[in-house]
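A.B. asks: Encoded as structure tokens, here's the structure I'll be asking about.
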Amino acid sequence: MSPFTGSATRTPDWRHLRLTVDEGVATVTLARPDKLNALTFGAYADLRDLLAELSRDKSVRALVLGGEGRGFCSGGDVDEIIGATLAMDTAQLLDFNRMTGQVVRAVRECPFPVVAAVHGVAAGAGAVLALAADFRVADPSARFSFLFTRVGLSGGDMGAAYLLPRVVGLGHATRLLMLGEPVRAPEAERIGLISELTQEGKAAEAAQSLARRLAEGPALAYAQTKALLTAELDMPLAASVELDASTQALLMNGEDYAEFHAAFTEKRPPKWQGR
């Protein structure tokens with residue numbers, strides 16, 4: 001996302017989520033614990049807009065996405081979204097579905113690593129939000145359910161049919177998106193859906209630890225690695241190695257590359273600047 005802004009100022013408060021930023025780590029918490037953090041129209045819009053704002057904030061170097069209470073996110077609110085969409089015309093429905101997809105694109109395209117801290121349920125849109133993150137840190141209570149076919153819709157919602165096969169393979173993705181059955185933490189780890197399985201109740205702590213490690217690292221190198229991982233999914237090898245070469249040439253002119261050499265020579269840890 002572009003770092004250049006217009007006349008809008010940074011939003012001081014968000015109605016549908018909580019945001020804290022500490023030493024380069026932004027923590028975004030879905031905060032409807034009484035509804036298992038079910039998403040509303042406003043929550044989708046807040047996530048989309050918040051990620052755009054944070055992407056322009058040079059002080060943010062990693063982000064943790066979590067949920068308050070008993071679970072991560074139970075998906076779209078049945079009453080506030082499914083009930084409302086039944087009264088919408090096709091143009092309105094297209095606008096809504098495009099907005100949910102914009103949230104996933106924002107997670108994938110923001111210039112810092114995103115760590116999902118998953119406990120309890122991650123269902124429907126909640127499962128896709130976790131899927132879109134760069135890392136999924138989960139405790140044994142986590143269960144992922146891509147429920148879209150169970151409400152009569154395509155399993156390929158919000159980019160799930162693009163992302164999931166690339167994470168777990170086409171066979172597992174077909175089963176998960178077609179049947180919508182829950183995948184509990186041990187199986188999710190086995191098929192590669194979970195990046196790190198923690199002890200009970202430790203997902204948020206482990207996610208923060210990973211985010212701090214990322215925030216202290218070479219931010220520009222991480223940003224470019226994330227961008228290449230996304231861009232090269234659909235590229236032939238020749239185009240990928242050319243893009244890799246161009247990216248490395250640019251980073252070799254950066255301050256962090258020179259700083260590594262200086263630190264190595266002086267036998268000290270590098271002081272990364274993200275430049």
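Scheme for the structure tokens: letters A, B, ... for chains in order shown; per-chain residue numbers from 1; ligand numbers from 1 in order shown.
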Write out, as a Markdown table, each residue of region 51-149 of chain A that has an atom at most 6 Å from region 191-207 of chain A, together with the closest pair of atoms and their distance in Å to one decimal, counting only C-alpha atoms, rows going by chain and rising number.
C.D. replies:
| residue | atom | partner | partner_atom | distance |
| --- | --- | --- | --- | --- |
| A:Ala117 | CA | A:Ala204 | CA | 5.2 |
| A:Phe135 | CA | A:Ser195 | CA | 5.7 |
| A:Arg136 | CA | A:Ser195 | CA | 5.1 |
| A:Val137 | CA | A:Glu196 | CA | 4.8 |
| A:Ala138 | CA | A:Ala203 | CA | 5.1 |
| A:Asp139 | CA | A:Thr198 | CA | 4.8 |
| A:Pro140 | CA | A:Glu200 | CA | 5.7 |
A.B. asks: Please report, as a count of residues only, each residue of region 24-175 of chain A to which DSSP assigns helix (DSSP H, G or I) when run on this structure's backbone.
C.D. replies: 73
A.B. asks: List every residue of region 38-132 of chain A that has an atom at most 7 Å from any atom of region 157-168 of chain A, and for each one report the closest atom pair and its distance in Å to one decimal, counting only C-alpha atoms, with rows sorted by chain and then by increasing residue number, as a tab-separated table.
C.D. replies:
residue	atom	partner	partner_atom	distance
A:Thr100	CA	A:Met158	CA	6.1
A:Gly101	CA	A:Met158	CA	4.6
A:Val104	CA	A:Met158	CA	6.6
A:Val128	CA	A:Ala160	CA	6.2
A.B. asks: Select from region 59-96 of chain A every residue with an atom at most 9 Å from any atom of region 141-150 of chain A, then for each give the shortest pair of atoms and their distance in Å to one decimal, using only C-alpha atoms, rows by chain and rising number, as JSON lines.
C.D. replies:
{"residue": "A:Gly71", "atom": "CA", "partner": "A:Ala142", "partner_atom": "CA", "distance": 8.0}
{"residue": "A:Phe72", "atom": "CA", "partner": "A:Ala142", "partner_atom": "CA", "distance": 8.3}
{"residue": "A:Gly75", "atom": "CA", "partner": "A:Leu147", "partner_atom": "CA", "distance": 8.8}
A.B. asks: Would you mind exporting the chosen residues as a tab-separated table (two decimals), in the first residue's frame, restricted to N, CA and C atoms?
C.D. replies:
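Contents of result-v4.tsv, freshly written:
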chain	number	residue	atom	x	y	z
A	71	GLY	N	-13.17	-17.14	22.00
A	71	GLY	CA	-12.77	-17.58	20.68
A	71	GLY	C	-12.17	-16.46	19.86
A	72	PHE	N	-11.64	-16.83	18.71
A	72	PHE	CA	-11.01	-15.87	17.81
A	72	PHE	C	-12.07	-15.07	17.06
A	75	GLY	N	-17.08	-15.65	12.61
A	75	GLY	CA	-17.52	-15.33	11.25
A	75	GLY	C	-18.50	-14.18	11.21
A.B. asks: Need to verify the contact set: Ala38 (chain A), 6 Å, only C-alpha atoms, exclusion of same-chain residues closer than 4 positions in sequence. Can you return it as a PyMOL selection string?
C.D. replies: chain A and resi 73-77
A.B. asks: Since we have the selection now, will you write its residues out, keeping N, CA, C and O atoms, as a PDB file, in the first residue's frame?
C.D. replies:
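Contents of out_13.pdb, as written:
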ATOM      1  N   CYS A  73     -12.879 -15.746  16.249  1.00  0.00           N
ATOM      2  CA  CYS A  73     -13.933 -15.056  15.487  1.00  0.00           C
ATOM      3  C   CYS A  73     -14.853 -16.110  14.900  1.00  0.00           C
ATOM      4  O   CYS A  73     -14.403 -17.029  14.209  1.00  0.00           O
ATOM      5  N   SER A  74     -16.153 -15.951  15.147  1.00  0.00           N
ATOM      6  CA  SER A  74     -17.133 -16.938  14.692  1.00  0.00           C
ATOM      7  C   SER A  74     -17.669 -16.640  13.305  1.00  0.00           C
ATOM      8  O   SER A  74     -18.603 -17.303  12.843  1.00  0.00           O
ATOM      9  N   GLY A  75     -17.082 -15.650  12.610  1.00  0.00           N
ATOM     10  CA  GLY A  75     -17.516 -15.331  11.251  1.00  0.00           C
ATOM     11  C   GLY A  75     -18.500 -14.184  11.210  1.00  0.00           C
ATOM     12  O   GLY A  75     -18.605 -13.394  12.142  1.00  0.00           O
ATOM     13  N   GLY A  76     -19.239 -14.093  10.114  1.00  0.00           N
ATOM     14  CA  GLY A  76     -20.220 -13.022   9.984  1.00  0.00           C
ATOM     15  C   GLY A  76     -21.404 -13.221  10.911  1.00  0.00           C
ATOM     16  O   GLY A  76     -21.875 -14.353  11.104  1.00  0.00           O
ATOM     17  N   ASP A  77     -21.873 -12.140  11.493  1.00  0.00           N
ATOM     18  CA  ASP A  77     -23.003 -12.195  12.413  1.00  0.00           C
ATOM     19  C   ASP A  77     -24.263 -12.647  11.671  1.00  0.00           C
ATOM     20  O   ASP A  77     -24.677 -12.024  10.691  1.00  0.00           O
TER      21      ASP A  77
END
A.B. asks: A:Gly156, A:Asp256, A:Cys110, A:Ala185: which is nearest Ala173 (chain A), counting only C-alpha atoms?
C.D. replies: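 With only C-alpha atoms as the atom set, the closest residue is A:Gly156.
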A.B. asks: At a cut-off of 12 Å, using only C-alpha atoms, what residues contact Leu54 (chain A)? Leave out same-chain residues fewer than 3 positions from it and give the result as a VMD selection string.
C.D. replies: chain A and resid 1 to 5 10 to 11 19 to 21 24 to 28 46 to 51 57 to 63 106 to 107 109 to 114
A.B. asks: Go ahead and write the residues just picked, N, CA and C atoms, as a CSV table (one decimal), in the first residue's frame.
C.D. replies:
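So the final result, stored in selection.csv, reads:
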chain,number,residue,atom,x,y,z
A,1,MET,N,0.8,-1.2,0.0
A,1,MET,CA,0.0,0.0,0.0
A,1,MET,C,0.9,1.3,0.0
A,2,SER,N,0.4,2.3,-0.6
A,2,SER,CA,1.2,3.5,-0.8
A,2,SER,C,1.3,4.2,0.6
A,3,PRO,N,2.5,4.7,0.9
A,3,PRO,CA,2.7,5.5,2.2
A,3,PRO,C,2.2,6.9,2.1
A,4,PHE,N,1.8,7.3,0.9
A,4,PHE,CA,1.3,8.7,0.8
A,4,PHE,C,-0.1,8.9,1.1
A,5,THR,N,-0.4,9.9,1.9
A,5,THR,CA,-1.8,10.1,2.4
A,5,THR,C,-2.4,11.4,1.8
A,10,ARG,N,-5.3,10.4,11.0
A,10,ARG,CA,-5.4,9.1,11.6
A,10,ARG,C,-6.6,9.0,12.5
A,11,THR,N,-7.3,7.9,12.4
A,11,THR,CA,-8.5,7.7,13.2
A,11,THR,C,-8.1,7.4,14.6
A,19,LEU,N,-7.4,-1.2,19.3
A,19,LEU,CA,-6.0,-1.1,18.8
A,19,LEU,C,-5.1,-0.6,19.8
A,20,THR,N,-3.9,-1.3,20.0
A,20,THR,CA,-2.8,-0.7,20.7
A,20,THR,C,-1.6,-0.9,19.9
A,21,VAL,N,-0.6,0.1,20.1
A,21,VAL,CA,0.6,0.0,19.4
A,21,VAL,C,1.7,0.2,20.4
A,24,GLY,N,6.5,-0.8,18.1
A,24,GLY,CA,6.4,-1.3,16.7
A,24,GLY,C,5.4,-2.4,16.5
A,25,VAL,N,4.8,-3.0,17.5
A,25,VAL,CA,3.8,-4.0,17.4
A,25,VAL,C,2.4,-3.5,17.6
A,26,ALA,N,1.6,-3.5,16.5
A,26,ALA,CA,0.2,-3.2,16.6
A,26,ALA,C,-0.6,-4.4,17.0
A,27,THR,N,-1.5,-4.3,18.0
A,27,THR,CA,-2.3,-5.4,18.4
A,27,THR,C,-3.8,-5.0,18.1
A,28,VAL,N,-4.4,-5.8,17.2
A,28,VAL,CA,-5.8,-5.5,16.9
A,28,VAL,C,-6.7,-6.6,17.5
A,46,ASP,N,-14.1,-1.4,9.4
A,46,ASP,CA,-13.1,-0.9,10.3
A,46,ASP,C,-11.7,-1.6,10.1
A,47,LEU,N,-11.8,-2.9,9.9
A,47,LEU,CA,-10.6,-3.7,9.6
A,47,LEU,C,-10.0,-3.2,8.3
A,48,ARG,N,-10.8,-3.1,7.3
A,48,ARG,CA,-10.2,-2.6,6.0
A,48,ARG,C,-9.6,-1.2,6.1
A,49,ASP,N,-10.2,-0.3,6.8
A,49,ASP,CA,-9.7,1.1,6.9
A,49,ASP,C,-8.5,1.1,7.9
A,50,LEU,N,-8.6,0.3,9.0
A,50,LEU,CA,-7.4,0.3,9.9
A,50,LEU,C,-6.2,-0.2,9.3
A,51,LEU,N,-6.3,-1.3,8.5
A,51,LEU,CA,-5.1,-1.8,7.9
A,51,LEU,C,-4.5,-0.9,6.9
A,57,ASP,N,1.8,3.9,8.4
A,57,ASP,CA,2.5,4.3,9.6
A,57,ASP,C,3.8,3.6,9.7
A,58,LYS,N,4.9,4.3,9.5
A,58,LYS,CA,6.2,3.7,9.5
A,58,LYS,C,6.6,3.2,10.8
A,59,SER,N,5.9,3.5,11.9
A,59,SER,CA,6.3,3.0,13.2
A,59,SER,C,5.8,1.6,13.5
A,60,VAL,N,4.9,1.1,12.6
A,60,VAL,CA,4.3,-0.3,12.8
A,60,VAL,C,5.1,-1.2,12.0
A,61,ARG,N,5.7,-2.3,12.7
A,61,ARG,CA,6.6,-3.2,12.0
A,61,ARG,C,6.1,-4.6,12.1
A,62,ALA,N,5.0,-4.9,12.9
A,62,ALA,CA,4.3,-6.2,12.9
A,62,ALA,C,3.0,-6.0,13.5
A,63,LEU,N,2.1,-6.9,13.3
A,63,LEU,CA,0.7,-6.8,13.8
A,63,LEU,C,0.2,-8.1,14.3
A,106,ALA,N,-6.1,-6.5,2.2
A,106,ALA,CA,-5.4,-5.6,3.1
A,106,ALA,C,-4.4,-6.3,4.0
A,107,VAL,N,-4.9,-7.5,4.5
A,107,VAL,CA,-4.0,-8.3,5.3
A,107,VAL,C,-2.8,-8.8,4.5
A,109,GLU,N,-1.5,-7.5,1.7
A,109,GLU,CA,-0.8,-6.5,1.0
A,109,GLU,C,-0.1,-5.5,2.0
A,110,CYS,N,-0.5,-5.5,3.3
A,110,CYS,CA,0.1,-4.6,4.2
A,110,CYS,C,1.6,-4.9,4.3
A,111,PRO,N,2.5,-3.9,4.5
A,111,PRO,CA,3.9,-4.1,4.4
A,111,PRO,C,4.6,-4.5,5.7
A,112,PHE,N,3.9,-5.2,6.5
A,112,PHE,CA,4.4,-5.8,7.7
A,112,PHE,C,3.8,-7.2,8.0
A,113,PRO,N,4.5,-8.1,8.7
A,113,PRO,CA,4.0,-9.4,9.0
A,113,PRO,C,2.8,-9.3,9.9
A,114,VAL,N,1.8,-10.2,9.6
A,114,VAL,CA,0.6,-10.2,10.4
A,114,VAL,C,0.6,-11.6,11.1
A.B. asks: Go through A:Pro218, A:Gly180, A:Pro270, A:Gly66 one by one, measure the shortest atom-to-atom distance of each to Gly155 (chain A) using only C-alpha atoms, and give the residue with the smallest value.
C.D. replies: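 Under the stated criterion, the closest residue is A:Gly180.
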